[in-house]
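Source file: my_file32.txt (compact mmCIF, C-alpha atoms)
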# COMPACT_ATOMS: atom_id res chain seq x y z
CA MET A 421 57.11 -26.40 -89.15
CA ALA A 422 58.36 -23.08 -87.75
CA ASP A 423 57.00 -19.88 -89.25
CA TRP A 424 60.13 -17.83 -89.94
CA SER A 425 58.05 -14.76 -90.72
CA ASN A 426 57.21 -14.51 -87.00
CA VAL A 427 60.80 -14.09 -85.84
CA PRO A 428 60.88 -10.97 -83.59
CA LYS A 429 62.13 -7.90 -85.40
CA ASP A 430 64.66 -7.05 -82.67
CA LEU A 431 66.24 -10.47 -83.14
CA LEU A 432 66.29 -10.04 -86.93
CA LEU A 433 67.98 -6.65 -86.62
CA LYS A 434 70.63 -8.11 -84.34
CA ILE A 435 71.30 -10.96 -86.77
CA PHE A 436 71.33 -8.70 -89.83
CA SER A 437 73.76 -6.25 -88.19
CA THR A 438 76.33 -9.07 -87.95
CA SER A 439 75.86 -10.22 -91.56
CA GLU A 440 77.55 -9.42 -94.85
CA ILE A 441 75.63 -6.98 -97.05
CA PRO A 442 74.83 -9.52 -99.83
CA ASP A 443 73.23 -11.77 -97.21
CA ILE A 444 71.23 -8.84 -95.82
CA LEU A 445 69.87 -7.98 -99.25
CA ARG A 446 68.96 -11.60 -99.92
CA THR A 447 66.99 -11.88 -96.67
CA ALA A 448 64.78 -8.99 -97.78
CA ALA A 449 63.27 -11.34 -100.38
CA VAL A 450 62.29 -14.02 -97.85
CA CYS A 451 59.02 -12.46 -96.69
CA VAL A 452 57.36 -9.13 -95.97
CA SER A 453 58.36 -9.01 -92.30
CA TRP A 454 62.02 -9.67 -93.12
CA SER A 455 61.93 -7.04 -95.85
CA ASP A 456 60.53 -4.55 -93.34
CA ALA A 457 63.34 -5.43 -90.93
CA VAL A 458 65.97 -4.79 -93.61
CA HIS A 459 64.33 -1.45 -94.44
CA GLU A 460 64.38 -0.47 -90.76
CA LEU A 461 68.02 -1.53 -90.53
CA ARG A 462 68.92 0.87 -93.33
CA CYS A 463 66.76 3.73 -92.04
CA SER A 464 68.02 3.44 -88.46
CA ARG A 465 71.66 3.60 -89.63
CA ARG A 466 72.43 0.78 -87.22
CA HIS A 467 76.12 -0.09 -87.15
CA LEU A 468 76.96 -3.15 -89.24
CA CYS A 469 79.81 -5.55 -88.66
CA ASN A 470 83.06 -4.94 -90.50
CA GLN A 471 82.45 -5.91 -94.10
CA SER A 472 84.81 -7.99 -96.20
CA PRO A 473 86.55 -5.95 -98.93
CA TRP A 474 85.37 -6.09 -102.52
CA LEU A 475 87.36 -5.44 -105.66
CA MET A 476 85.52 -3.22 -108.12
CA PHE A 477 86.19 -3.34 -111.84
CA SER A 478 84.13 -2.16 -114.79
CA ALA A 479 81.94 -4.44 -116.85
CA ASP A 480 83.45 -6.01 -119.94
CA ASP A 481 83.11 -4.13 -123.23
CA ARG A 482 81.00 -6.96 -124.63
CA GLU A 483 78.35 -6.74 -121.90
CA ASP A 484 74.98 -5.18 -122.67
CA ASN A 485 75.00 -2.66 -119.82
CA PRO A 486 78.04 -0.33 -119.96
CA SER A 487 76.82 1.41 -116.79
CA ALA A 488 77.23 -1.76 -114.74
CA ALA A 489 80.20 -2.38 -112.49
CA ARG A 490 81.44 -5.72 -111.28
CA PHE A 491 82.44 -6.43 -107.70
CA TYR A 492 84.36 -9.44 -106.52
CA SER A 493 83.68 -10.46 -102.90
CA LEU A 494 86.77 -11.98 -101.31
CA SER A 495 84.80 -13.68 -98.54
CA GLU A 496 82.29 -15.31 -100.91
CA GLN A 497 84.68 -15.65 -103.87
CA LYS A 498 81.80 -14.48 -106.00
CA THR A 499 81.38 -11.77 -108.63
CA TYR A 500 78.40 -9.38 -108.56
CA THR A 501 77.31 -7.16 -111.45
CA ILE A 502 75.55 -4.02 -110.20
CA PRO A 503 73.93 -1.41 -112.49
CA LEU A 504 74.97 2.11 -111.54
CA PRO A 505 72.97 5.32 -112.06
CA GLU A 506 73.29 7.77 -114.94
CA SER A 507 76.57 7.89 -116.87
CA SER A 508 78.54 4.77 -117.70
CA ILE A 509 81.01 3.78 -115.02
CA ARG A 510 83.50 3.27 -117.85
CA ASP A 511 83.28 7.02 -118.53
CA ARG A 512 84.36 7.81 -115.00
CA LEU A 513 87.75 7.59 -113.36
CA CYS A 514 87.72 6.12 -109.84
CA VAL A 515 90.18 8.19 -107.83
CA GLY A 516 89.39 6.84 -104.37
CA SER A 517 87.21 4.70 -102.14
CA SER A 518 86.31 5.58 -98.57
CA HIS A 519 83.61 4.68 -96.01
CA GLY A 520 81.68 2.57 -98.52
CA TRP A 521 81.63 5.28 -101.20
CA LEU A 522 83.53 5.61 -104.46
CA ILE A 523 85.07 8.94 -105.43
CA THR A 524 84.83 9.32 -109.21
CA ALA A 525 85.82 11.95 -111.75
CA ASP A 526 83.46 12.37 -114.70
CA GLN A 527 84.21 13.42 -118.28
CA THR A 528 84.55 17.06 -117.22
CA SER A 529 86.95 16.08 -114.41
CA GLU A 530 84.37 17.00 -111.75
CA LEU A 531 84.22 14.82 -108.63
CA GLN A 532 81.21 12.85 -107.40
CA LEU A 533 80.66 10.49 -104.50
CA LEU A 534 78.85 7.28 -105.39
CA ASN A 535 77.54 4.48 -103.21
CA PRO A 536 77.20 1.61 -105.69
CA ILE A 537 75.13 -0.49 -103.29
CA THR A 538 72.37 2.09 -102.72
CA GLY A 539 72.83 4.13 -105.92
CA ALA A 540 73.15 7.38 -103.94
CA GLN A 541 75.29 10.13 -105.47
CA ILE A 542 76.69 13.43 -104.21
CA ASP A 543 78.19 16.08 -106.49
CA LEU A 544 81.20 17.72 -104.88
CA THR A 545 82.15 21.36 -105.15
CA SER A 546 83.19 22.31 -108.68
CA ILE A 547 86.76 22.00 -109.85
CA LEU A 548 86.45 25.59 -111.07
CA THR A 549 86.69 26.82 -107.47
CA TYR A 550 90.34 25.76 -107.23
CA ASP A 551 92.52 28.88 -107.30
CA HIS A 552 94.91 27.43 -109.88
CA ILE A 553 92.28 26.37 -112.45
CA GLU A 554 90.81 28.75 -115.03
CA PRO A 555 87.91 27.80 -117.32
CA ILE A 556 88.08 28.33 -121.08
CA ARG A 557 84.72 28.87 -122.81
CA ASN A 558 83.69 29.26 -126.43
CA GLU A 559 81.67 32.12 -127.89
CA ARG A 560 78.46 30.51 -126.63
CA GLY A 561 79.76 30.35 -123.09
CA ARG A 562 80.18 26.60 -123.13
CA LEU A 563 83.07 25.18 -121.14
CA THR A 564 85.65 23.67 -123.50
CA SER A 565 88.90 23.24 -121.53
CA TYR A 566 90.88 24.20 -118.44
CA ILE A 567 94.03 26.22 -117.96
CA VAL A 568 96.10 25.05 -115.00
CA ASP A 569 98.50 27.52 -113.42
CA THR A 570 101.56 25.45 -112.53
CA LEU A 571 103.80 28.36 -111.49
CA GLU A 572 103.18 30.25 -108.27
CA VAL A 573 104.26 33.62 -109.63
CA VAL A 574 102.48 36.91 -110.18
CA ASP A 575 104.03 37.84 -113.52
CA ARG A 576 104.29 34.91 -115.91
CA SER A 577 106.57 35.07 -118.91
CA PRO A 578 104.69 34.88 -122.22
CA ASP A 579 107.28 32.34 -123.34
CA TYR A 580 105.91 29.85 -120.78
CA PRO A 581 102.12 29.93 -120.92
CA PRO A 582 100.21 27.70 -118.49
CA PRO A 583 99.16 24.32 -119.89
CA GLU A 584 95.66 23.78 -121.25
CA TYR A 585 93.77 20.52 -120.74
CA LYS A 586 90.71 19.05 -122.38
CA LEU A 587 87.77 18.54 -120.05
CA ASP A 588 88.25 14.79 -119.74
CA LYS A 589 92.06 14.85 -119.63
CA LEU A 590 92.67 16.99 -116.55
CA ARG A 591 91.42 14.22 -114.24
CA LEU A 592 94.22 11.92 -115.42
CA CYS A 593 96.92 14.17 -113.95
CA MET A 594 94.99 16.25 -111.41
CA TYR A 595 93.99 13.79 -108.70
CA PHE A 596 96.73 11.93 -106.84
CA LYS A 597 94.60 10.72 -103.91
CA VAL A 598 91.12 11.53 -102.54
CA ILE A 599 89.80 10.50 -99.11
CA LEU A 600 86.78 11.17 -96.88
CA SER A 601 86.84 12.00 -93.18
CA SER A 602 83.61 10.10 -92.46
CA ASP A 603 80.54 8.53 -94.04
CA PRO A 604 78.99 11.27 -96.23
CA SER A 605 75.49 9.95 -95.61
CA ARG A 606 75.74 11.57 -92.15
CA GLY A 607 76.00 14.98 -93.80
CA ASP A 608 79.07 16.11 -91.84
CA TYR A 609 82.19 15.15 -93.74
CA THR A 610 85.36 16.55 -95.28
CA VAL A 611 86.92 15.59 -98.62
CA VAL A 612 90.71 15.87 -98.81
CA VAL A 613 92.58 15.77 -102.12
CA ILE A 614 96.24 15.46 -102.94
CA HIS A 615 96.40 17.07 -106.36
CA ASN A 616 98.73 18.41 -108.95
CA PRO A 617 100.54 20.61 -109.59
CA TYR A 618 103.15 19.80 -106.97
CA ARG A 619 100.98 17.29 -105.06
CA ARG A 620 99.44 19.90 -102.77
CA ILE A 621 96.54 19.35 -100.37
CA SER A 622 93.11 20.95 -100.75
CA PHE A 623 89.92 20.18 -98.88
CA VAL A 624 86.21 20.93 -98.91
CA ARG A 625 83.59 20.38 -96.23
CA ALA A 626 79.98 19.44 -96.85
CA GLY A 627 78.18 22.60 -97.90
CA ASP A 628 81.31 24.58 -98.83
CA ASN A 629 81.15 26.44 -102.14
CA LYS A 630 84.91 26.51 -102.70
CA TRP A 631 87.93 24.24 -102.34
CA THR A 632 90.45 25.45 -99.75
CA ALA A 633 94.15 24.95 -100.46
CA LEU A 634 96.71 24.40 -97.71
CA THR A 635 99.81 26.54 -97.93
CA SER A 636 102.91 24.36 -97.89
CA ASP A 637 106.22 23.83 -99.65
CA TYR A 638 105.97 20.03 -99.44
CA MET A 639 104.94 17.57 -102.12
CA TYR A 640 102.69 15.13 -100.27
CA ASP A 641 102.77 11.38 -100.82
CA ASP A 642 99.81 10.23 -98.74
CA VAL A 643 97.01 11.38 -96.43
CA VAL A 644 94.87 9.48 -93.95
CA PHE A 645 92.25 10.27 -91.33
CA HIS A 646 92.76 8.61 -87.95
CA ARG A 647 90.47 9.28 -84.99
CA GLY A 648 89.26 12.51 -86.50
CA GLN A 649 92.74 13.86 -87.24
CA LEU A 650 94.29 14.26 -90.68
CA TYR A 651 97.84 13.00 -91.14
CA ALA A 652 99.98 13.56 -94.22
CA SER A 653 103.35 12.20 -95.28
CA ALA A 654 105.95 14.02 -97.35
CA ALA A 655 109.69 13.70 -97.83
CA GLY A 656 109.85 10.81 -95.37
CA GLN A 657 108.12 12.78 -92.62
CA MET A 658 104.68 12.55 -91.00
CA PHE A 659 102.61 15.68 -90.37
CA LEU A 660 99.46 16.42 -88.38
CA VAL A 661 97.33 18.64 -90.62
CA VAL A 662 94.99 21.07 -88.87
CA LEU A 663 91.99 21.97 -91.02
CA ASP A 664 90.15 23.93 -88.31
CA LEU A 665 92.35 26.51 -86.58
CA ALA A 666 89.61 27.16 -84.02
CA SER A 667 90.13 23.69 -82.55
CA PRO A 668 92.81 22.98 -79.92
CA ILE A 669 95.97 21.37 -81.24
CA GLU A 670 97.10 18.31 -79.33
CA SER A 671 100.52 16.71 -79.34
CA PRO A 672 101.07 14.83 -82.61
CA GLY A 673 102.83 12.00 -80.74
CA TRP A 674 106.23 10.48 -81.33
CA TRP A 675 107.98 7.78 -83.30
CA CYS A 676 107.42 4.21 -82.09
CA ARG A 677 110.17 1.76 -82.98
CA ARG A 678 108.88 -1.50 -84.44
CA SER A 679 110.97 -4.64 -84.41
CA ARG A 680 108.41 -6.83 -86.19
CA LEU A 681 105.99 -6.03 -88.97
CA ARG A 682 102.86 -7.97 -89.80
CA GLY A 683 101.41 -8.75 -93.20
CA SER A 684 99.16 -6.29 -94.97
CA THR A 685 97.51 -5.80 -98.33
CA VAL A 686 98.71 -3.46 -101.05
CA ALA A 687 96.82 -2.48 -104.19
CA ARG A 688 98.35 -0.63 -107.14
CA THR A 689 96.78 0.81 -110.26
CA TRP A 690 99.47 0.56 -112.89
CA TRP A 691 97.99 3.07 -115.36
CA ARG A 692 100.10 5.76 -113.66
CA LEU A 693 103.32 4.23 -114.98
CA PRO A 694 104.90 6.41 -117.68
CA VAL A 695 106.05 3.34 -119.63
CA VAL A 696 102.46 2.24 -120.28
CA THR A 697 101.29 3.31 -123.72
CA THR A 698 97.99 3.10 -125.53
CA SER A 699 99.06 -0.18 -127.14
CA TYR A 700 97.94 -2.30 -124.20
CA TRP A 701 95.46 -5.14 -124.03
CA ARG A 702 94.05 -5.96 -120.60
CA TYR A 703 94.73 -5.42 -116.93
CA ASP A 704 95.38 -8.27 -114.57
CA ILE A 705 94.89 -8.66 -110.83
CA GLY A 706 96.88 -10.82 -108.47
CA VAL A 707 98.42 -11.21 -105.02
CA PHE A 708 102.20 -10.96 -104.73
CA SER A 709 103.83 -12.83 -101.83
CA TYR A 710 107.01 -11.27 -100.44
CA GLU A 711 107.73 -14.53 -98.62
CA ASP A 712 108.17 -16.80 -101.64
CA LEU A 713 108.02 -14.17 -104.46
CA SER A 714 105.02 -15.90 -106.02
CA ILE A 715 101.94 -14.41 -107.67
CA SER A 716 98.50 -15.94 -107.24
CA ARG A 717 95.18 -14.98 -108.76
CA ILE A 718 92.42 -13.16 -106.89
CA LEU A 719 89.67 -13.60 -109.43
CA PRO A 720 88.47 -17.04 -110.48
CA SER A 721 89.73 -18.32 -113.82
CA GLU A 722 86.25 -18.11 -115.34
CA ALA A 723 85.94 -14.39 -114.53
CA PRO A 724 85.96 -12.08 -117.58
CA PRO A 725 89.06 -9.98 -118.25
CA VAL A 726 89.56 -6.66 -116.51
CA SER A 727 88.96 -3.52 -118.56
CA TRP A 728 89.07 0.27 -118.08
CA PRO A 729 88.85 1.95 -115.58
CA PRO A 730 91.47 0.25 -113.41
CA PRO A 731 90.22 -1.82 -110.45
CA ILE A 732 89.89 -0.36 -106.97
CA TRP A 733 89.33 -1.77 -103.48
CA PHE A 734 85.92 -1.03 -101.99
CA MET A 735 84.27 -1.60 -98.60
CA PRO A 736 80.48 -1.95 -99.16
CA SER A 737 78.01 0.13 -97.15
CA LEU A 738 74.22 0.36 -97.00
CA ASP A 739 74.17 4.02 -95.96
CA ARG A 740 72.85 6.62 -98.36
CA ALA A 741 72.61 10.40 -98.36
CA TRP A 742 69.26 11.80 -97.31
Give the structure from this file in structure tokens form.
Amino acid sequence: MADWSNVPKDLLLKIFSTSEIPDILRTAAVCVSWSDAVHELRCSRRHLCNQSPWLMFSADDREDNPSAARFYSLSEQKTYTIPLPESSIRDRLCVGSSHGWLITADQTSELQLLNPITGAQIDLTSILTYDHIEPIRNERGRLTSYIVDTLEVVDRSPDYPPPEYKLDKLRLCMYFKVILSSDPSRGDYTVVVIHNPYRRISFVRAGDNKWTALTSDYMYDDVVFHRGQLYASAAGQMFLVVLDLASPIESPGWWCRRSRLRGSTVARTWWRLPVVTTSYWRYDIGVFSYEDLSISRILPSEAPPVSWPPPIWFMPSLDRAW
């Protein structure tokens, strides 16, 4: 009988780098030598194959661990329950997912990066460094709420004071979209936010102590990083956004006419709809086909119902911040 523990480590690393993350984690339990190979794979930051997307949704209210999150693997058609560090995932609002990390807003509306596979977390620069947000504190100096300046004027009329938000309520209307330029475990990354009021763009780089707002009259609909460049869409137009004026600006390209479009996936979180009230029951998840106008389930019928926060697509990663 072959002794699988004697498989050369170089061969194991090559095999593991082409495997799905659940399979990699399972192999670590086979024997000591395989566990060492998995550890080296993670420490060496070796490039893994493209992972199949997961759908993340919070654990059911009836489960014992409120800090756990559930992930549904499309390739395996299997649900995983993963305990997450510190505060309950149900107390956080997931506002984005990028490069294997979740972007969450806690009960004070502050942003954190979280890798649910490794448990690594990164606190982002405070929301108080936005120019349009003013903290309100009680007599003991404790933060109690935020005032958000929604008018770009010097002299505000006393008849129209700026709105005040509770600590956990600002996140519901503040963050429109949040993305990362690269894997934050590398230490060199940029976080870009489309935020209210007026769906403006702000960004912060790793190590910055303040959010930087971009001056613009547009209300942005979407942002995406592509080959190191940031692109934004607004009013039916596409813009190349330059975050570093010291870098040379290349041609942004031109419009390419497309006669045929291929299928793609679309995910929507319906809590943003104004018609949704507090008298709801559960969320549901499905796939809508434009071809035959049918709806099919993603999750198996035996899966528990979806609860708050709303589900989000997630690409798993083994990288962690050092």
Who sits within 8 Å of stretch 531-533 of chain A, only C-alpha atoms, same chain under 4 positions skipped, as a list in words: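 Returned residues: Trp521, Leu522, Ile523, Thr524, Ala525, Asp526, Gln541, Ile542, Asp543, Leu544, Thr545, Ser546 and Ile547 of chain A.
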Nearest candidate to A:Met639 (options A:Phe596, A:Tyr618, A:Phe659, A:Tyr651; using all atoms listed in the file): A:Tyr618
Using all atoms listed in the file, determine which residues lie at most 12 Å from stretch 604-609 of chain A, disregarding the query and same-chain residues fewer than 2 positions distant; provide the list as a PDB file with C-alpha atoms, keeping the file's coordinate frame.
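To be explicit, this is the file written out as result35.pdb:
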ATOM      1  CA  ARG A 462      68.920   0.870 -93.330  1.00  0.00           C
ATOM      2  CA  CYS A 463      66.760   3.730 -92.040  1.00  0.00           C
ATOM      3  CA  SER A 464      68.020   3.440 -88.460  1.00  0.00           C
ATOM      4  CA  ARG A 465      71.660   3.600 -89.630  1.00  0.00           C
ATOM      5  CA  SER A 518      86.310   5.580 -98.570  1.00  0.00           C
ATOM      6  CA  HIS A 519      83.610   4.680 -96.010  1.00  0.00           C
ATOM      7  CA  GLY A 520      81.680   2.570 -98.520  1.00  0.00           C
ATOM      8  CA  TRP A 521      81.630   5.280-101.200  1.00  0.00           C
ATOM      9  CA  LEU A 522      83.530   5.610-104.460  1.00  0.00           C
ATOM     10  CA  ILE A 523      85.070   8.940-105.430  1.00  0.00           C
ATOM     11  CA  GLN A 532      81.210  12.850-107.400  1.00  0.00           C
ATOM     12  CA  LEU A 533      80.660  10.490-104.500  1.00  0.00           C
ATOM     13  CA  LEU A 534      78.850   7.280-105.390  1.00  0.00           C
ATOM     14  CA  ASN A 535      77.540   4.480-103.210  1.00  0.00           C
ATOM     15  CA  THR A 538      72.370   2.090-102.720  1.00  0.00           C
ATOM     16  CA  ALA A 540      73.150   7.380-103.940  1.00  0.00           C
ATOM     17  CA  GLN A 541      75.290  10.130-105.470  1.00  0.00           C
ATOM     18  CA  ILE A 542      76.690  13.430-104.210  1.00  0.00           C
ATOM     19  CA  ASP A 543      78.190  16.080-106.490  1.00  0.00           C
ATOM     20  CA  LEU A 544      81.200  17.720-104.880  1.00  0.00           C
ATOM     21  CA  ILE A 599      89.800  10.500 -99.110  1.00  0.00           C
ATOM     22  CA  LEU A 600      86.780  11.170 -96.880  1.00  0.00           C
ATOM     23  CA  SER A 601      86.840  12.000 -93.180  1.00  0.00           C
ATOM     24  CA  SER A 602      83.610  10.100 -92.460  1.00  0.00           C
ATOM     25  CA  VAL A 611      86.920  15.590 -98.620  1.00  0.00           C
ATOM     26  CA  VAL A 612      90.710  15.870 -98.810  1.00  0.00           C
ATOM     27  CA  PHE A 623      89.920  20.180 -98.880  1.00  0.00           C
ATOM     28  CA  VAL A 624      86.210  20.930 -98.910  1.00  0.00           C
ATOM     29  CA  ARG A 625      83.590  20.380 -96.230  1.00  0.00           C
ATOM     30  CA  ALA A 626      79.980  19.440 -96.850  1.00  0.00           C
ATOM     31  CA  GLY A 627      78.180  22.600 -97.900  1.00  0.00           C
ATOM     32  CA  ASP A 628      81.310  24.580 -98.830  1.00  0.00           C
ATOM     33  CA  PHE A 645      92.250  10.270 -91.330  1.00  0.00           C
ATOM     34  CA  GLY A 648      89.260  12.510 -86.500  1.00  0.00           C
ATOM     35  CA  SER A 737      78.010   0.130 -97.150  1.00  0.00           C
ATOM     36  CA  LEU A 738      74.220   0.360 -97.000  1.00  0.00           C
ATOM     37  CA  ASP A 739      74.170   4.020 -95.960  1.00  0.00           C
ATOM     38  CA  ARG A 740      72.850   6.620 -98.360  1.00  0.00           C
ATOM     39  CA  ALA A 741      72.610  10.400 -98.360  1.00  0.00           C
ATOM     40  CA  TRP A 742      69.260  11.800 -97.310  1.00  0.00           C
TER      41      TRP A 742
END
Find the residues around stretch 448-453 of chain A up to 12 Å (all atoms listed in the file counted), leave out those fewer than 2 positions away in its own chain, and share them as a VMD selection string. chain A and resid 423 to 430 432 to 433 436 441 to 446 455 to 462
Close residues, A:Asp569 itself excluded, 10 Å, all atoms listed in the file, min 6 positions apart in chain, as a ChimeraX atom specification: /A:551-554,576,581-584,617
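Atom pair atom CA of A:Ser472 / atom CA of A:His615: separated by 29.4 Å.
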Of the candidates A:Gly539, A:Thr549, A:Thr438, A:Gln471, which shows the shortest atom-to-atom distance to A:Ser487, using only C-alpha atoms?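 Ranked by minimum distance to A:Ser487, first place goes to A:Gly539.
Comparing A:Thr570, A:Thr499, A:Ser716, A:Ser565 by their smallest distance to A:Asn616, the closest is A:Thr570 (using all atoms listed in the file).
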Close residues, A:Thr528 itself excluded, 9 Å, only C-alpha atoms, min 6 positions apart in chain, as a PDB file with C-alpha atoms, keeping the file's coordinate frame:
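part.pdb, freshly written:
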ATOM      1  CA  SER A 565      88.900  23.240-121.530  1.00  0.00           C
ATOM      2  CA  LYS A 586      90.710  19.050-122.380  1.00  0.00           C
ATOM      3  CA  LEU A 587      87.770  18.540-120.050  1.00  0.00           C
ATOM      4  CA  ASP A 588      88.250  14.790-119.740  1.00  0.00           C
ATOM      5  CA  LYS A 589      92.060  14.850-119.630  1.00  0.00           C
ATOM      6  CA  LEU A 590      92.670  16.990-116.550  1.00  0.00           C
ATOM      7  CA  ARG A 591      91.420  14.220-114.240  1.00  0.00           C
TER       8      ARG A 591
END
Using only C-alpha atoms, which of the listed residues (A:Pro555, A:Gly706, A:Pro503, A:Gly561) sits closest to A:Pro731?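 Between A:Pro555, A:Gly706, A:Pro503, A:Gly561, the residue approaching A:Pro731 most closely is A:Gly706.
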Could you work out how far atom CA of A:Gln649 lies from atom CA of A:Val662, giving the answer in Å with one decimal?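 Taking atom CA of A:Val662 as the start and atom CA of A:Gln649 as the end point, the length is 7.7 Å.
Across the structure, atom CA of A:Gln527 and atom CA of A:Arg560 are spaced 19.9 Å apart.
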